[in-house]
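Peer 1: Here you go, this is entry-v5.pdb (PDB, C-alpha atoms).
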```
ATOM      1  CA  GLU D   1     -52.682  65.725 121.792
ATOM      2  CA  THR D   2     -50.255  63.542 119.848
ATOM      3  CA  GLY D   3     -51.735  61.180 117.296
ATOM      4  CA  VAL D   4     -50.647  57.660 116.419
ATOM      5  CA  THR D   5     -47.091  57.519 115.106
ATOM      6  CA  GLN D   6     -45.276  54.665 113.391
ATOM      7  CA  SER D   7     -41.663  53.970 112.546
ATOM      8  CA  PRO D   8     -39.980  53.513 110.238
ATOM      9  CA  THR D   9     -41.875  55.036 107.332
ATOM     10  CA  HIS D  10     -40.374  52.713 104.765
ATOM     11  CA  LEU D  11     -38.357  49.524 105.047
ATOM     12  CA  ILE D  12     -36.747  47.159 102.564
ATOM     13  CA  LYS D  13     -35.854  43.610 103.605
ATOM     14  CA  THR D  14     -34.923  40.398 101.847
ATOM     15  CA  ARG D  15     -36.764  37.095 102.006
ATOM     16  CA  GLY D  16     -36.036  35.131 105.179
ATOM     17  CA  GLN D  17     -35.082  38.161 107.260
ATOM     18  CA  GLN D  18     -36.871  39.415 110.355
ATOM     19  CA  VAL D  19     -38.428  42.859 110.851
ATOM     20  CA  THR D  20     -39.738  44.928 113.763
ATOM     21  CA  LEU D  21     -42.226  47.739 113.264
ATOM     22  CA  ARG D  22     -43.072  50.236 115.990
ATOM     23  CA  CYS D  23     -46.175  52.153 116.974
ATOM     24  CA  SER D  24     -46.841  54.825 119.568
ATOM     25  CA  SER D  25     -50.475  55.031 120.513
ATOM     26  CA  GLN D  26     -52.447  58.198 120.930
ATOM     27  CA  SER D  27     -52.317  59.761 124.373
ATOM     28  CA  GLY D  28     -54.912  58.204 126.687
ATOM     29  CA  HIS D  29     -55.431  55.082 124.576
ATOM     30  CA  ASN D  30     -54.818  51.606 125.986
ATOM     31  CA  THR D  31     -55.470  49.335 123.004
ATOM     32  CA  VAL D  32     -53.418  48.840 119.848
ATOM     33  CA  SER D  33     -54.453  46.949 116.728
ATOM     34  CA  TRP D  34     -52.292  46.049 113.741
ATOM     35  CA  TYR D  35     -53.489  45.679 110.161
ATOM     36  CA  GLN D  36     -51.817  44.581 106.926
ATOM     37  CA  GLN D  37     -52.849  46.393 103.750
ATOM     38  CA  ALA D  38     -51.636  44.796 100.539
ATOM     39  CA  LEU D  39     -51.504  46.995  97.438
ATOM     40  CA  GLY D  40     -54.995  47.704  96.137
ATOM     41  CA  GLN D  41     -56.690  45.880  99.012
ATOM     42  CA  GLY D  42     -58.439  46.774 102.231
ATOM     43  CA  PRO D  43     -56.613  46.387 105.544
ATOM     44  CA  GLN D  44     -56.637  42.921 107.123
ATOM     45  CA  PHE D  45     -56.679  42.547 110.916
ATOM     46  CA  ILE D  46     -53.521  40.928 112.294
ATOM     47  CA  PHE D  47     -54.013  41.186 116.066
ATOM     48  CA  GLN D  48     -54.922  43.481 118.913
ATOM     49  CA  TYR D  49     -53.197  44.187 122.231
ATOM     50  CA  TYR D  50     -54.904  45.341 125.398
ATOM     51  CA  ARG D  51     -53.048  45.832 128.673
ATOM     52  CA  GLU D  52     -49.959  44.121 127.249
ATOM     53  CA  GLU D  53     -51.860  40.942 126.322
ATOM     54  CA  GLU D  54     -52.910  39.719 122.872
ATOM     55  CA  ASN D  55     -56.660  40.283 122.732
ATOM     56  CA  GLY D  56     -57.737  38.772 119.438
ATOM     57  CA  ARG D  57     -55.976  37.589 116.313
ATOM     58  CA  GLY D  58     -56.815  37.424 112.630
ATOM     59  CA  ASN D  59     -55.837  34.752 110.136
ATOM     60  CA  PHE D  60     -52.083  35.289 110.243
ATOM     61  CA  PRO D  61     -49.394  32.660 110.964
ATOM     62  CA  PRO D  62     -47.404  32.570 114.218
ATOM     63  CA  ARG D  63     -44.382  34.219 112.574
ATOM     64  CA  PHE D  64     -46.388  37.415 113.023
ATOM     65  CA  SER D  65     -46.028  38.353 116.679
ATOM     66  CA  GLY D  66     -46.329  41.451 118.772
ATOM     67  CA  LEU D  67     -45.758  43.193 122.048
ATOM     68  CA  GLN D  68     -47.401  45.983 123.963
ATOM     69  CA  PHE D  69     -45.420  47.935 126.529
ATOM     70  CA  PRO D  70     -46.562  49.532 129.798
ATOM     71  CA  ASN D  71     -46.800  52.915 128.054
ATOM     72  CA  TYR D  72     -49.191  51.226 125.527
ATOM     73  CA  SER D  73     -46.786  51.533 122.615
ATOM     74  CA  SER D  74     -46.465  48.398 120.523
ATOM     75  CA  GLU D  75     -44.233  46.397 118.218
ATOM     76  CA  LEU D  76     -45.073  44.085 115.351
ATOM     77  CA  ASN D  77     -42.466  41.434 114.593
ATOM     78  CA  VAL D  78     -42.429  39.331 111.463
ATOM     79  CA  ASN D  79     -40.009  36.411 111.153
ATOM     80  CA  ALA D  80     -38.908  34.524 108.046
ATOM     81  CA  LEU D  81     -40.163  37.224 105.705
ATOM     82  CA  GLU D  82     -41.889  36.147 102.495
ATOM     83  CA  LEU D  83     -42.444  38.132  99.319
ATOM     84  CA  ASP D  84     -46.185  38.289 100.075
ATOM     85  CA  ASP D  85     -45.445  40.140 103.312
ATOM     86  CA  SER D  86     -44.788  43.249 101.225
ATOM     87  CA  ALA D  87     -47.542  45.643 102.299
ATOM     88  CA  LEU D  88     -48.452  48.760 104.239
ATOM     89  CA  TYR D  89     -48.657  47.923 107.947
ATOM     90  CA  LEU D  90     -51.091  50.082 109.854
ATOM     91  CA  CYS D  91     -51.316  50.557 113.575
ATOM     92  CA  ALA D  92     -54.483  51.835 115.221
ATOM     93  CA  SER D  93     -55.038  52.827 118.827
ATOM     94  CA  SER D  94     -58.248  53.136 120.789
ATOM     95  CA  LEU D  95     -59.576  53.390 124.316
ATOM     96  CA  ALA D  96     -61.291  50.353 125.810
ATOM     97  CA  VAL D  97     -63.293  50.926 128.977
ATOM     98  CA  ALA D  98     -65.270  48.236 130.789
ATOM     99  CA  GLY D  99     -65.371  46.029 127.690
ATOM    100  CA  ARG D 100     -66.494  48.835 125.401
ATOM    101  CA  TYR D 101     -64.184  49.749 122.536
ATOM    102  CA  ASN D 102     -64.184  53.217 121.069
ATOM    103  CA  GLU D 103     -63.099  54.551 117.693
ATOM    104  CA  GLN D 104     -59.775  53.370 116.293
ATOM    105  CA  PHE D 105     -57.327  56.071 115.208
ATOM    106  CA  PHE D 106     -54.821  55.050 112.565
ATOM    107  CA  GLY D 107     -51.193  55.925 112.090
ATOM    108  CA  PRO D 108     -49.675  56.721 108.679
ATOM    109  CA  GLY D 109     -48.313  53.199 108.290
ATOM    110  CA  THR D 110     -44.990  51.536 107.541
ATOM    111  CA  ARG D 111     -44.395  50.457 103.947
ATOM    112  CA  LEU D 112     -42.517  47.135 103.972
ATOM    113  CA  THR D 113     -40.968  45.811 100.790
ATOM    114  CA  VAL D 114     -39.583  42.266 100.748
ATOM    115  CA  LEU D 115     -37.175  41.449  97.927
TER
ATOM    116  CA  GLY A   1     -67.647  35.235 109.642
ATOM    117  CA  ASN A   2     -67.955  38.944 109.054
ATOM    118  CA  SER A   3     -67.440  40.367 105.576
ATOM    119  CA  VAL A   4     -67.879  43.624 103.655
ATOM    120  CA  THR A   5     -68.579  43.869  99.940
ATOM    121  CA  GLN A   6     -67.873  47.198  98.383
ATOM    122  CA  MET A   7     -68.628  48.671  94.983
ATOM    123  CA  GLU A   8     -65.667  48.136  92.727
ATOM    124  CA  GLY A   9     -63.897  51.094  91.276
ATOM    125  CA  PRO A  10     -62.311  53.129  90.134
ATOM    126  CA  VAL A  11     -64.968  55.833  90.038
ATOM    127  CA  THR A  12     -64.341  59.022  88.072
ATOM    128  CA  LEU A  13     -66.684  61.999  88.432
ATOM    129  CA  SER A  14     -66.750  65.620  87.437
ATOM    130  CA  GLU A  15     -66.722  68.261  90.144
ATOM    131  CA  GLU A  16     -70.193  68.890  91.650
ATOM    132  CA  ALA A  17     -71.497  65.489  90.536
ATOM    133  CA  PHE A  18     -73.471  63.212  92.872
ATOM    134  CA  LEU A  19     -71.569  60.348  94.476
ATOM    135  CA  THR A  20     -72.811  56.945  95.592
ATOM    136  CA  ILE A  21     -70.495  54.138  96.691
ATOM    137  CA  ASN A  22     -72.343  50.939  97.540
ATOM    138  CA  CYS A  23     -71.477  48.811 100.559
ATOM    139  CA  THR A  24     -73.174  45.679 101.866
ATOM    140  CA  TYR A  25     -72.147  43.543 104.791
ATOM    141  CA  THR A  26     -72.524  40.134 106.384
ATOM    142  CA  ALA A  27     -72.232  39.915 110.150
ATOM    143  CA  THR A  28     -73.615  38.173 113.182
ATOM    144  CA  GLY A  29     -75.273  40.303 115.797
ATOM    145  CA  TYR A  30     -75.367  44.067 115.533
ATOM    146  CA  PRO A  31     -72.141  45.489 114.137
ATOM    147  CA  SER A  32     -71.107  49.119 114.015
ATOM    148  CA  LEU A  33     -70.504  50.437 110.497
ATOM    149  CA  PHE A  34     -67.865  52.875 109.274
ATOM    150  CA  TRP A  35     -66.563  54.690 106.247
ATOM    151  CA  TYR A  36     -62.835  55.448 106.213
ATOM    152  CA  VAL A  37     -60.959  57.585 103.692
ATOM    153  CA  GLN A  38     -57.327  57.185 102.654
ATOM    154  CA  TYR A  39     -55.569  60.018 100.875
ATOM    155  CA  PRO A  40     -52.433  59.231  98.836
ATOM    156  CA  GLY A  41     -49.495  58.284 101.040
ATOM    157  CA  GLU A  42     -51.490  58.534 104.252
ATOM    158  CA  GLY A  43     -53.149  56.249 106.773
ATOM    159  CA  LEU A  44     -56.872  55.849 107.260
ATOM    160  CA  GLN A  45     -59.128  58.603 108.570
ATOM    161  CA  LEU A  46     -62.583  57.954 109.937
ATOM    162  CA  LEU A  47     -65.115  59.738 107.738
ATOM    163  CA  LEU A  48     -68.352  58.737 109.462
ATOM    164  CA  LYS A  49     -69.952  55.966 111.480
ATOM    165  CA  ALA A  50     -73.279  54.492 112.587
ATOM    166  CA  THR A  51     -73.722  52.187 115.536
ATOM    167  CA  LYS A  52     -77.303  50.965 115.207
ATOM    168  CA  ALA A  53     -79.998  50.357 112.625
ATOM    169  CA  ASP A  54     -81.462  53.465 110.932
ATOM    170  CA  ASP A  55     -78.668  55.676 112.273
ATOM    171  CA  LYS A  56     -77.314  58.166 109.752
ATOM    172  CA  GLY A  57     -73.669  59.078 109.921
ATOM    173  CA  SER A  58     -72.583  62.345 108.335
ATOM    174  CA  ASN A  59     -69.435  64.411 107.958
ATOM    175  CA  LYS A  60     -68.042  66.929 105.444
ATOM    176  CA  GLY A  61     -71.129  66.582 103.256
ATOM    177  CA  PHE A  62     -70.925  62.767 103.149
ATOM    178  CA  GLU A  63     -73.785  60.660 104.506
ATOM    179  CA  ALA A  64     -74.529  56.976 105.018
ATOM    180  CA  THR A  65     -77.531  55.263 106.628
ATOM    181  CA  TYR A  66     -77.332  51.932 108.475
ATOM    182  CA  ARG A  67     -79.968  49.742 106.772
ATOM    183  CA  LYS A  68     -80.324  46.468 108.627
ATOM    184  CA  GLU A  69     -83.102  45.148 106.379
ATOM    185  CA  THR A  70     -80.840  45.359 103.323
ATOM    186  CA  THR A  71     -77.537  44.965 105.264
ATOM    187  CA  SER A  72     -76.225  48.069 103.532
ATOM    188  CA  PHE A  73     -74.350  51.269 104.369
ATOM    189  CA  HIS A  74     -74.048  53.187 101.088
ATOM    190  CA  LEU A  75     -71.933  56.359 101.034
ATOM    191  CA  GLU A  76     -73.401  59.455  99.341
ATOM    192  CA  LYS A  77     -72.404  63.035  98.696
ATOM    193  CA  GLY A  78     -74.491  65.530  96.807
ATOM    194  CA  SER A  79     -71.682  67.523  95.208
ATOM    195  CA  VAL A  80     -68.125  66.193  95.113
ATOM    196  CA  GLN A  81     -64.999  68.324  94.989
ATOM    197  CA  VAL A  82     -61.551  67.670  93.555
ATOM    198  CA  SER A  83     -60.267  67.435  97.139
ATOM    199  CA  ASP A  84     -62.523  64.381  97.715
ATOM    200  CA  SER A  85     -60.278  62.313  95.448
ATOM    201  CA  ALA A  86     -59.119  59.406  97.615
ATOM    202  CA  VAL A  87     -59.766  55.740  98.367
ATOM    203  CA  TYR A  88     -62.879  55.042 100.426
ATOM    204  CA  PHE A  89     -63.244  51.949 102.621
ATOM    205  CA  CYS A  90     -66.414  50.577 104.142
ATOM    206  CA  ALA A  91     -65.824  48.671 107.387
ATOM    207  CA  LEU A  92     -67.651  46.972 110.210
ATOM    208  CA  SER A  93     -66.775  46.305 113.807
ATOM    209  CA  GLY A  94     -68.154  43.250 115.492
ATOM    210  CA  ALA A  95     -67.238  41.473 118.645
ATOM    211  CA  SER A  96     -64.791  38.626 118.272
ATOM    212  CA  GLY A  97     -64.195  37.408 121.754
ATOM    213  CA  SER A  98     -63.293  40.622 123.467
ATOM    214  CA  ALA A  99     -61.480  42.198 120.541
ATOM    215  CA  ARG A 100     -63.154  44.933 118.531
ATOM    216  CA  GLN A 101     -61.486  44.342 115.188
ATOM    217  CA  LEU A 102     -62.421  46.128 111.987
ATOM    218  CA  THR A 103     -63.320  44.182 108.852
ATOM    219  CA  PHE A 104     -62.785  46.236 105.702
ATOM    220  CA  GLY A 105     -64.037  46.120 102.157
ATOM    221  CA  SER A 106     -61.552  46.226  99.296
ATOM    222  CA  GLY A 107     -61.834  49.976  98.802
ATOM    223  CA  THR A 108     -63.141  52.259  96.034
ATOM    224  CA  GLN A 109     -60.798  54.701  94.314
ATOM    225  CA  LEU A 110     -62.572  58.008  93.621
ATOM    226  CA  THR A 111     -61.144  60.568  91.225
ATOM    227  CA  VAL A 112     -62.890  63.920  90.848
ATOM    228  CA  LEU A 113     -61.993  65.960  87.783
ATOM    229  CA  PRO A 114     -62.239  69.773  87.695
TER
END
```
Output the structure of this file as structure tokens.
Peer 2:
Amino acid sequence: ETGVTQSPTHLIKTRGQQVTLRCSSQSGHNTVSWYQQALGQGPQFIFQYYREEENGRGNFPPRFSGLQFPNYSSELNVNALELDDSALYLCASSLAVAGRYNEQFFGPGTRLTVL
Amino acid sequence: GNSVTQMEGPVTLSEEAFLTINCTYTATGYPSLFWYVQYPGEGLQLLLKATKADDKGSNKGFEATYRKETTSFHLEKGSVQVSDSAVYFCALSGASGSARQLTFGSGTQLTVLP
């Protein structure tokens, strides 16, 4: 069984640029959640995707957007990067069945640095 | 809204010492409660969980009991090892529409010295 994988591992961008982060969910999972973890802080929920639709969103501006594909993998896109976007971005996958959500399994994260 | 307040660190202990990391929460309804661990350079791993009041979660010698009356979920271990050095996060999962998002505390850095 393959766990949650994320790419790239590290990324350096400059302010104003756009970035795309990728996540492959664990086999058998149909739900992907994205979290932002600033240095020294706990992860903050960005949004969740279920069956290719956004299924809940945290307190993040619209320049944070995402996609989920038919194979349940996902992308996180951030436009107009700001210095405060520098963080570890974590993807988590889980299995939702009949409205019940099971344990979230996390990937190793993508470290984004904005200069 | 939901929130988690976690004991501030860092915490430094000697090997075989007793560990307690305090966690309290605010939530509507009946959340599920979790402890996650993050080793250096890695993502989060679920350590233990409890889904209803008075449940005790346990794993690898760690324990936590879901106390609804005190809205707490304190993490304990009777004898820590150097390999337990990591950052520990308390989290809750409550329904927000149909999403099952996790709300995390700020984390507690634990260092265990030999």
Peer 1: Please write as a PDB file with C-alpha atoms, in the coordinates of the input the list of polymer residues whose atoms come within 10 Å of (-50.0, 52.6, 113.7), counting all atoms listed in the file and keeping to the coordinates of the file.
Peer 2:
```pdb
ATOM      1  CA  GLY D   3     -51.735  61.180 117.296  1.00  0.00           C
ATOM      2  CA  VAL D   4     -50.647  57.660 116.419  1.00  0.00           C
ATOM      3  CA  THR D   5     -47.091  57.519 115.106  1.00  0.00           C
ATOM      4  CA  GLN D   6     -45.276  54.665 113.391  1.00  0.00           C
ATOM      5  CA  SER D   7     -41.663  53.970 112.546  1.00  0.00           C
ATOM      6  CA  LEU D  21     -42.226  47.739 113.264  1.00  0.00           C
ATOM      7  CA  ARG D  22     -43.072  50.236 115.990  1.00  0.00           C
ATOM      8  CA  CYS D  23     -46.175  52.153 116.974  1.00  0.00           C
ATOM      9  CA  SER D  24     -46.841  54.825 119.568  1.00  0.00           C
ATOM     10  CA  SER D  25     -50.475  55.031 120.513  1.00  0.00           C
ATOM     11  CA  GLN D  26     -52.447  58.198 120.930  1.00  0.00           C
ATOM     12  CA  VAL D  32     -53.418  48.840 119.848  1.00  0.00           C
ATOM     13  CA  SER D  33     -54.453  46.949 116.728  1.00  0.00           C
ATOM     14  CA  TRP D  34     -52.292  46.049 113.741  1.00  0.00           C
ATOM     15  CA  TYR D  35     -53.489  45.679 110.161  1.00  0.00           C
ATOM     16  CA  SER D  73     -46.786  51.533 122.615  1.00  0.00           C
ATOM     17  CA  SER D  74     -46.465  48.398 120.523  1.00  0.00           C
ATOM     18  CA  GLU D  75     -44.233  46.397 118.218  1.00  0.00           C
ATOM     19  CA  LEU D  76     -45.073  44.085 115.351  1.00  0.00           C
ATOM     20  CA  TYR D  89     -48.657  47.923 107.947  1.00  0.00           C
ATOM     21  CA  LEU D  90     -51.091  50.082 109.854  1.00  0.00           C
ATOM     22  CA  CYS D  91     -51.316  50.557 113.575  1.00  0.00           C
ATOM     23  CA  ALA D  92     -54.483  51.835 115.221  1.00  0.00           C
ATOM     24  CA  SER D  93     -55.038  52.827 118.827  1.00  0.00           C
ATOM     25  CA  PHE D 105     -57.327  56.071 115.208  1.00  0.00           C
ATOM     26  CA  PHE D 106     -54.821  55.050 112.565  1.00  0.00           C
ATOM     27  CA  GLY D 107     -51.193  55.925 112.090  1.00  0.00           C
ATOM     28  CA  PRO D 108     -49.675  56.721 108.679  1.00  0.00           C
ATOM     29  CA  GLY D 109     -48.313  53.199 108.290  1.00  0.00           C
ATOM     30  CA  THR D 110     -44.990  51.536 107.541  1.00  0.00           C
TER      31      THR D 110
ATOM     32  CA  GLY A  43     -53.149  56.249 106.773  1.00  0.00           C
ATOM     33  CA  LEU A  44     -56.872  55.849 107.260  1.00  0.00           C
TER      34      LEU A  44
END
```
Peer 1: For chain D, which residues have at least one atom within 9 Å of chain A, if we go by only C-alpha atoms? Write them as a ChimeraX atom specification, please.
Peer 2: /D:33,40-45,47-50,55-58,90,99-109
Peer 1: Take the residues just selected and output them with C-alpha atoms as a compact mmCIF listing (two decimals), in the frame of the given file.
Peer 2:
```
# COMPACT_ATOMS: atom_id res chain seq x y z
CA SER D 33 -54.45 46.95 116.73
CA GLY D 40 -55.00 47.70 96.14
CA GLN D 41 -56.69 45.88 99.01
CA GLY D 42 -58.44 46.77 102.23
CA PRO D 43 -56.61 46.39 105.54
CA GLN D 44 -56.64 42.92 107.12
CA PHE D 45 -56.68 42.55 110.92
CA PHE D 47 -54.01 41.19 116.07
CA GLN D 48 -54.92 43.48 118.91
CA TYR D 49 -53.20 44.19 122.23
CA TYR D 50 -54.90 45.34 125.40
CA ASN D 55 -56.66 40.28 122.73
CA GLY D 56 -57.74 38.77 119.44
CA ARG D 57 -55.98 37.59 116.31
CA GLY D 58 -56.82 37.42 112.63
CA LEU D 90 -51.09 50.08 109.85
CA GLY D 99 -65.37 46.03 127.69
CA ARG D 100 -66.49 48.84 125.40
CA TYR D 101 -64.18 49.75 122.54
CA ASN D 102 -64.18 53.22 121.07
CA GLU D 103 -63.10 54.55 117.69
CA GLN D 104 -59.78 53.37 116.29
CA PHE D 105 -57.33 56.07 115.21
CA PHE D 106 -54.82 55.05 112.56
CA GLY D 107 -51.19 55.92 112.09
CA PRO D 108 -49.68 56.72 108.68
CA GLY D 109 -48.31 53.20 108.29
```
Peer 1: Run the PyMOL selection byres ((chain A and resi 68-83) around 7) mentally over the shown coordinates, then write out the matched residues as a PyMOL selection string, using the chain letters and numbers from the document.
Peer 2: chain A and resi 15-25+53+61-67+84-85+112-114
Peer 1: I'd like the interatomic distance between atom CA of Pro70 of chain D and atom CA of Glu52 of chain D, to a tenth of an Å.
Peer 2: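 Spanning atom CA of Pro70 of chain D to atom CA of Glu52 of chain D is a straight-line distance of 6.9 Å.
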Peer 1: Name the closest residue to Gly94 of chain A among the candidates A:Ala27, A:Val37, A:Leu47, A:Leu110; distances are taken between atoms, counting all atoms listed in the file.
Peer 2: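 Residue with the minimum atom-to-atom distance to Gly94 of chain A: A:Ala27.
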Peer 1: Taking the file as shown, find all residues satisfying the PyMOL selection byres ((chain D and resi 79-82) around 7) and write them as an MDAnalysis selection string.
Peer 2: chainID D and resid 15:19 63:64 77:78 83:85 114
Peer 1: Rounded to one decimal, what separation in Å do you get between atom CA of Lys60 of chain A and atom CA of Ala86 of chain A?
Peer 2: 14.1 Å
Peer 1: Taking 2 positions as the minimum chain separation for residues in the same chain, which residues sit within 8 Å of Leu39 of chain D when counting only C-alpha atoms? Answer as a PyMOL selection string.
Peer 2: chain D and resi 37+41+87-88
Peer 1: So the first atom is atom CA of Ala96 of chain D and the second is atom CA of Val4 of chain A; what is the distance between them in Å, to one decimal place?
Peer 2: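 Atom-to-atom, atom CA of Ala96 of chain D to atom CA of Val4 of chain A, that is 24.1 Å.
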Peer 1: So which residues get picked by the PyMOL selection byres ((chain D and resi 112) around 6) here, written as a ChimeraX atom specification?
Peer 2: /D:11-12,86-87,111,113
